[in-house]
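Q: A single structure is presented below for examination.
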Amino acid sequence: MASAAGIAAAGRCLAAGGLAAFPTETVYGLGADARHGQAVARLYAAKGRPAFNPLIAHVADRAAARRLGMFNPVAERLAEAFWPGPLTLVLPRRKDCPVSELALAGLDSIAVRVPAHPVARALLEEVGAPIVAPSANRSGHVSPTTAMHVLHDLRGRIDLVVDGGPCTVGLESTIISCLGEPALLRAGGLPRAEIERVLGSALSESAPGRAPRAPGMLASHYAPKARLRLNAEDARDGEALLAFGPAVPAARGPMLNLSPRGDLVEAAANLFAHLRALDASGAASIAVMPVPHHGLGEAINDRLARAAAPKV
Ligand code: TXA
Ligand code: MG
């Protein structure tokens, strides 16, 4: 578990231009000092991430966020309601924004988030600067929700990982564009309905193929090695089974249940760890039972669809 000494070590590592992975309430992030171009370049290399895919800047509070991007009244309302928490806002970037150009992939917008996890917050305080942090996995892989997952993907490519135990949300942050009318760029750990309640109106979705999408939302992503068969009512011979709810068909290979009681919050927290575990069982195919689409189900189904998409 994260100690004060571990957090201090991560702070020194980031200040020296190093790469430190740390827990957030959503998934583990791979951090670099956002102002340090060389550190950001190393971060892209460590993940194997294409440089056209910009990073989220993590900050301690709204005052720090205001030094990076410009808030319209909707952005203010969302930040007031949901920060700290699993929400990322895409804002027009300020001219004097200190974040490295490389981290922004040349866009004139910036994605900003104030995380709620105590370790992330302590680290931000220690560093006193924005920390850019993508999910701490190899590009295209399933996001990590434990320190072990991070090491599995990135051991030898990063300087350290602060272990804060399993992430409680388990899905990446919800991304909302506040560049014009608010738009959902990525379903995530904050359910759409909660955002719509605060906005008092339905949230538009940015149409596929039309800007602004989150550039990282490629069709194939979050991909295990095994093939995924979605909306499965049964498991076939040799297939692993990713179940949901109390009524589970007979397993004919390894089986894990996202939530035996059919709870979407529990299912979200288990999703990536279960996908990794079933993938590690060596099964060539994973049958996935249907997951309801409301609440966190929207983001769970989004990640499952990407994990099932043909790999490019
Ligand atoms: O929960 C999370 O958001 C985690 C934790 C570590 O904070 N981070 C995370 O980062 O999921 P990453 O890099 O795996 O995903 C960030 C997404 C990418 O799809 C990226 O394209 C998008 O955010 N993004 C970043 N800047 C953007 C911008 N200016 N406009 C639109 N999308 C942006
Ligand atoms: Mg990611």
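Chain lettering (A, B, ...) mirrors the order of the structure tokens, residue numbering begins at 1 for each chain separately, and ligand numbering begins at 1 in order of display.
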For Gln38 of chain A, list every protein, DNA or RNA residue within 12 Å, evaluated using only C-alpha atoms, and leave out those in the same chain fewer than 2 positions away; present the list as a tab-separated table (two decimals) with N, CA and C atoms, in the first residue's frame.
A:
```tsv
chain	number	residue	atom	x	y	z
A	14	LEU	N	9.13	12.30	-10.64
A	14	LEU	CA	8.48	13.16	-11.64
A	14	LEU	C	9.25	14.47	-11.80
A	16	ALA	N	12.29	14.93	-11.52
A	16	ALA	CA	13.54	14.68	-12.25
A	16	ALA	C	13.28	14.26	-13.70
A	17	GLY	N	12.04	14.35	-14.13
A	17	GLY	CA	11.74	13.99	-15.53
A	17	GLY	C	11.46	12.51	-15.73
A	18	GLY	N	11.19	11.80	-14.62
A	18	GLY	CA	10.94	10.36	-14.70
A	18	GLY	C	9.47	10.05	-14.93
A	19	LEU	N	9.19	8.74	-15.01
A	19	LEU	CA	7.84	8.24	-15.23
A	19	LEU	C	7.40	7.43	-14.02
A	32	ALA	N	3.79	11.87	-15.84
A	32	ALA	CA	5.01	12.64	-16.15
A	32	ALA	C	4.69	14.09	-15.83
A	33	ASP	N	5.73	14.87	-15.50
A	33	ASP	CA	5.55	16.31	-15.31
A	33	ASP	C	5.08	16.89	-16.64
A	34	ALA	N	3.91	17.52	-16.64
A	34	ALA	CA	3.28	17.96	-17.89
A	34	ALA	C	4.11	19.00	-18.63
A	35	ARG	N	4.98	19.71	-17.89
A	35	ARG	CA	5.75	20.80	-18.51
A	35	ARG	C	7.05	20.32	-19.13
A	36	HIS	N	7.39	19.05	-18.90
A	36	HIS	CA	8.70	18.50	-19.20
A	36	HIS	C	8.64	17.71	-20.51
A	40	VAL	N	7.62	13.74	-21.30
A	40	VAL	CA	6.41	13.38	-22.05
A	40	VAL	C	6.79	12.49	-23.25
A	41	ALA	N	7.90	12.80	-23.90
A	41	ALA	CA	8.36	11.97	-25.03
A	41	ALA	C	8.66	10.55	-24.55
A	42	ARG	N	9.31	10.42	-23.40
A	42	ARG	CA	9.58	9.09	-22.84
A	42	ARG	C	8.28	8.36	-22.53
A	43	LEU	N	7.29	9.12	-22.06
A	43	LEU	CA	6.00	8.52	-21.70
A	43	LEU	C	5.34	7.89	-22.95
A	44	TYR	N	5.32	8.64	-24.05
A	44	TYR	CA	4.74	8.08	-25.29
A	44	TYR	C	5.49	6.82	-25.71
A	45	ALA	N	6.83	6.87	-25.58
A	45	ALA	CA	7.63	5.71	-26.00
A	45	ALA	C	7.34	4.51	-25.09
A	100	SER	N	3.36	20.81	-22.07
A	100	SER	CA	4.19	20.57	-23.27
A	100	SER	C	3.32	20.37	-24.51
A	101	GLU	N	3.76	20.94	-25.63
A	101	GLU	CA	3.03	20.81	-26.91
A	101	GLU	C	2.82	19.34	-27.26
A	102	LEU	N	3.83	18.53	-27.00
A	102	LEU	CA	3.75	17.12	-27.35
A	102	LEU	C	2.57	16.45	-26.65
A	103	ALA	N	2.35	16.81	-25.37
A	103	ALA	CA	1.26	16.21	-24.60
A	103	ALA	C	-0.10	16.60	-25.16
```
Q: Any residue with an atom at most 8 Å from ligand 1 counts, using only C-alpha atoms and all ligand atoms. Which are they? Put them as an MDAnalysis selection string.
A: chainID A and resid 23:30 53:56 58 86:88 90:91 104 107:113 115 133:136 143 171:175 177 185:186 188:189 212:217
Q: Quick one: DSSP strand (DSSP E or B) residues in segment 31-147 of chain A, as number ranges by chain?
A: A: 31-33, 56-58, 69, 87-93, 109-113, 131-132, 135
Q: Using only all heavy atoms, please write the residues we just selected to a file, as a short mmCIF file (atom, residue, chain, number, x, y, z; two decimals), in the first residue's frame.
A:
```cif
data_model
loop_
_atom_site.label_atom_id
_atom_site.label_comp_id
_atom_site.auth_asym_id
_atom_site.auth_seq_id
_atom_site.Cartn_x
_atom_site.Cartn_y
_atom_site.Cartn_z
N GLY A 31 2.31 8.72 -14.94
CA GLY A 31 2.50 10.15 -14.81
C GLY A 31 3.83 10.65 -15.31
O GLY A 31 4.85 9.95 -15.24
N ALA A 32 3.79 11.87 -15.84
CA ALA A 32 5.01 12.64 -16.15
C ALA A 32 4.69 14.09 -15.83
O ALA A 32 3.53 14.50 -15.89
CB ALA A 32 5.40 12.49 -17.62
N ASP A 33 5.73 14.87 -15.50
CA ASP A 33 5.55 16.31 -15.31
C ASP A 33 5.08 16.89 -16.64
O ASP A 33 5.78 16.78 -17.66
CB ASP A 33 6.88 16.94 -14.88
CG ASP A 33 6.76 18.44 -14.61
OD1 ASP A 33 5.94 19.12 -15.28
OD2 ASP A 33 7.47 18.94 -13.73
N ILE A 56 -4.33 13.55 -20.85
CA ILE A 56 -5.11 14.31 -19.86
C ILE A 56 -4.16 14.93 -18.84
O ILE A 56 -3.29 14.24 -18.31
CB ILE A 56 -6.13 13.38 -19.14
CG1 ILE A 56 -7.14 12.81 -20.14
CG2 ILE A 56 -6.84 14.14 -18.02
CD1 ILE A 56 -8.07 11.75 -19.54
N ALA A 57 -4.32 16.23 -18.56
CA ALA A 57 -3.55 16.89 -17.50
C ALA A 57 -4.32 16.77 -16.19
O ALA A 57 -5.49 17.15 -16.12
CB ALA A 57 -3.30 18.35 -17.86
N HIS A 58 -3.66 16.22 -15.18
CA HIS A 58 -4.27 16.07 -13.86
C HIS A 58 -3.79 17.20 -12.97
O HIS A 58 -2.59 17.50 -12.95
CB HIS A 58 -3.88 14.72 -13.24
CG HIS A 58 -4.38 13.54 -14.02
ND1 HIS A 58 -3.92 13.25 -15.29
CD2 HIS A 58 -5.30 12.60 -13.73
CE1 HIS A 58 -4.56 12.17 -15.74
NE2 HIS A 58 -5.40 11.75 -14.82
N GLY A 69 -6.84 25.81 -18.90
CA GLY A 69 -7.91 25.94 -19.88
C GLY A 69 -8.94 26.97 -19.46
O GLY A 69 -8.93 27.44 -18.31
N LEU A 87 -14.34 12.60 -13.92
CA LEU A 87 -14.80 13.42 -15.03
C LEU A 87 -13.62 14.21 -15.60
O LEU A 87 -12.90 14.86 -14.85
CB LEU A 87 -15.86 14.42 -14.56
CG LEU A 87 -16.29 15.45 -15.62
CD1 LEU A 87 -17.07 14.78 -16.74
CD2 LEU A 87 -17.12 16.56 -14.98
N THR A 88 -13.46 14.15 -16.93
CA THR A 88 -12.45 14.95 -17.63
C THR A 88 -13.17 15.98 -18.50
O THR A 88 -14.12 15.62 -19.21
CB THR A 88 -11.55 14.05 -18.50
OG1 THR A 88 -10.79 13.19 -17.64
CG2 THR A 88 -10.60 14.87 -19.36
N LEU A 89 -12.73 17.22 -18.43
CA LEU A 89 -13.32 18.29 -19.25
C LEU A 89 -12.33 18.69 -20.33
O LEU A 89 -11.14 18.91 -20.05
CB LEU A 89 -13.64 19.51 -18.38
CG LEU A 89 -14.67 19.27 -17.26
CD1 LEU A 89 -14.84 20.55 -16.43
CD2 LEU A 89 -16.01 18.82 -17.83
N VAL A 90 -12.80 18.77 -21.57
CA VAL A 90 -11.98 19.30 -22.66
C VAL A 90 -12.33 20.78 -22.82
O VAL A 90 -13.49 21.13 -23.04
CB VAL A 90 -12.21 18.53 -23.97
CG1 VAL A 90 -11.49 19.21 -25.13
CG2 VAL A 90 -11.73 17.09 -23.81
N LEU A 91 -11.31 21.62 -22.64
CA LEU A 91 -11.48 23.08 -22.60
C LEU A 91 -10.60 23.73 -23.66
O LEU A 91 -9.58 23.16 -24.05
CB LEU A 91 -11.03 23.60 -21.22
CG LEU A 91 -11.65 22.93 -19.98
CD1 LEU A 91 -10.91 23.39 -18.72
CD2 LEU A 91 -13.13 23.26 -19.89
N PRO A 92 -10.97 24.96 -24.10
CA PRO A 92 -10.03 25.71 -24.93
C PRO A 92 -8.77 25.96 -24.11
O PRO A 92 -8.86 26.33 -22.94
CB PRO A 92 -10.75 27.04 -25.19
CG PRO A 92 -12.19 26.82 -24.80
CD PRO A 92 -12.19 25.73 -23.78
N ARG A 93 -7.62 25.71 -24.72
CA ARG A 93 -6.41 25.87 -23.93
C ARG A 93 -6.01 27.33 -23.86
O ARG A 93 -6.20 28.09 -24.81
CB ARG A 93 -5.33 24.99 -24.53
CG ARG A 93 -4.23 25.72 -25.24
CD ARG A 93 -2.99 24.90 -25.22
NE ARG A 93 -2.73 24.37 -26.54
CZ ARG A 93 -1.48 24.35 -27.03
NH1 ARG A 93 -0.47 24.76 -26.31
NH2 ARG A 93 -1.28 23.88 -28.23
N SER A 109 -7.04 22.68 -27.74
CA SER A 109 -7.84 22.35 -26.55
C SER A 109 -6.97 21.55 -25.59
O SER A 109 -5.88 21.10 -25.96
CB SER A 109 -9.05 21.53 -26.96
OG SER A 109 -8.64 20.33 -27.58
N ILE A 110 -7.47 21.40 -24.35
CA ILE A 110 -6.76 20.58 -23.37
C ILE A 110 -7.76 19.81 -22.52
O ILE A 110 -8.82 20.35 -22.15
CB ILE A 110 -5.83 21.45 -22.48
CG1 ILE A 110 -5.05 20.55 -21.51
CG2 ILE A 110 -6.61 22.53 -21.73
CD1 ILE A 110 -3.88 21.24 -20.83
N ALA A 111 -7.45 18.55 -22.26
CA ALA A 111 -8.28 17.70 -21.39
C ALA A 111 -7.74 17.80 -19.97
O ALA A 111 -6.54 17.60 -19.75
CB ALA A 111 -8.25 16.26 -21.87
N VAL A 112 -8.61 18.14 -19.01
CA VAL A 112 -8.19 18.38 -17.63
C VAL A 112 -9.05 17.58 -16.67
O VAL A 112 -10.26 17.45 -16.87
CB VAL A 112 -8.32 19.89 -17.25
CG1 VAL A 112 -7.67 20.16 -15.91
CG2 VAL A 112 -7.69 20.76 -18.32
N ARG A 113 -8.40 17.07 -15.61
CA ARG A 113 -9.16 16.31 -14.62
C ARG A 113 -8.57 16.53 -13.24
O ARG A 113 -7.36 16.59 -13.07
CB ARG A 113 -9.10 14.83 -15.01
CG ARG A 113 -9.52 13.84 -13.96
CD ARG A 113 -9.87 12.52 -14.63
NE ARG A 113 -9.14 11.39 -14.11
CZ ARG A 113 -9.44 10.75 -12.98
NH1 ARG A 113 -10.45 11.17 -12.24
NH2 ARG A 113 -8.73 9.72 -12.59
N ILE A 131 0.22 17.04 -13.82
CA ILE A 131 0.81 15.75 -14.19
C ILE A 131 -0.01 15.19 -15.35
O ILE A 131 -1.22 14.99 -15.20
CB ILE A 131 0.77 14.75 -13.00
CG1 ILE A 131 1.59 15.30 -11.82
CG2 ILE A 131 1.29 13.38 -13.42
CD1 ILE A 131 1.49 14.42 -10.56
N VAL A 132 0.64 14.96 -16.49
CA VAL A 132 -0.09 14.27 -17.56
C VAL A 132 -0.03 12.77 -17.28
O VAL A 132 1.01 12.25 -16.87
CB VAL A 132 0.48 14.56 -18.98
CG1 VAL A 132 0.03 15.93 -19.45
CG2 VAL A 132 1.99 14.44 -19.02
N SER A 135 -3.74 6.16 -19.11
CA SER A 135 -3.83 4.89 -18.40
C SER A 135 -2.48 4.17 -18.55
O SER A 135 -1.84 4.24 -19.59
CB SER A 135 -4.97 4.05 -18.97
OG SER A 135 -4.87 3.95 -20.38
#
```
Q: Using only C-alpha atoms and all ligand atoms, which residue out of A:Ala223, A:Leu78, A:Ala202, A:Met70 lies closest to ligand 2?
A: A:Ala223
Q: Counting only C-alpha atoms, which of A:Leu160, A:Gly200, A:Ala240, A:Ile195 gets nearest to Met148 of chain A?
A: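 Among the listed residues, A:Leu160 lies closest to Met148 of chain A.
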Q: Interatomic distance between atom CA of Gly37 of chain A and atom CA of Val119 of chain A?
A: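 These atoms are spaced 24.3 Å apart.
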Q: Point out the residue among A:Pro310, A:Gly156, A:Gly128, A:Gly297 with the least atom-to-atom distance to Ala193 of chain A, counting only C-alpha atoms.
A: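 The closest residue to Ala193 of chain A is A:Gly297.
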Q: Would you mind listing what lies within 12 Å of Gly6 of chain A as a list in words, with only C-alpha atoms counted and same-chain residues fewer than 6 positions away left out?
A: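 Non-adjacent residues within range: Arg12, Cys13, Ala20, Ala21, Phe22, Val119, Ala120, Ala122, Leu123, Glu126, Leu160, Val161, Val162, Asp163 and Gly164 of chain A.
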Q: Could you take the residues named above and write them with C-alpha atoms, as a PDB file, in the first residue's frame?
A:
```pdb
ATOM      1  CA  ARG A  12      11.066  13.203  -6.788  1.00  0.00           C
ATOM      2  CA  CYS A  13      10.929  10.884  -9.784  1.00  0.00           C
ATOM      3  CA  ALA A  20       5.835   7.178 -12.164  1.00  0.00           C
ATOM      4  CA  ALA A  21       2.608   5.183 -12.271  1.00  0.00           C
ATOM      5  CA  PHE A  22       0.054   5.940  -9.573  1.00  0.00           C
ATOM      6  CA  VAL A 119      -2.687   9.006  -3.460  1.00  0.00           C
ATOM      7  CA  ALA A 120      -3.176  10.960  -6.694  1.00  0.00           C
ATOM      8  CA  ALA A 122      -1.074  13.707  -2.390  1.00  0.00           C
ATOM      9  CA  LEU A 123       1.200  13.285  -5.411  1.00  0.00           C
ATOM     10  CA  GLU A 126       3.918  17.009  -3.657  1.00  0.00           C
ATOM     11  CA  LEU A 160       8.235   3.178 -10.423  1.00  0.00           C
ATOM     12  CA  VAL A 161       4.644   2.450  -9.509  1.00  0.00           C
ATOM     13  CA  VAL A 162       2.938   3.590  -6.314  1.00  0.00           C
ATOM     14  CA  ASP A 163       0.679   0.773  -5.083  1.00  0.00           C
ATOM     15  CA  GLY A 164      -2.640   2.115  -3.800  1.00  0.00           C
TER      16      GLY A 164
END
```
Q: Taking only C-alpha atoms and all ligand atoms into account, name the residue in A:Val198, A:Val142, A:Ala250, A:Leu242 that is nearest to ligand 2.
A: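 Result for the nearest residue to ligand 2: A:Val142.
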Q: Could you tell me which of A:Arg155, A:Asn137, A:Ala81, A:Ile7 comes closest to ligand 2 if we count only C-alpha atoms and all ligand atoms?
A: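 Closest residue, counting only C-alpha atoms and all ligand atoms: A:Asn137.
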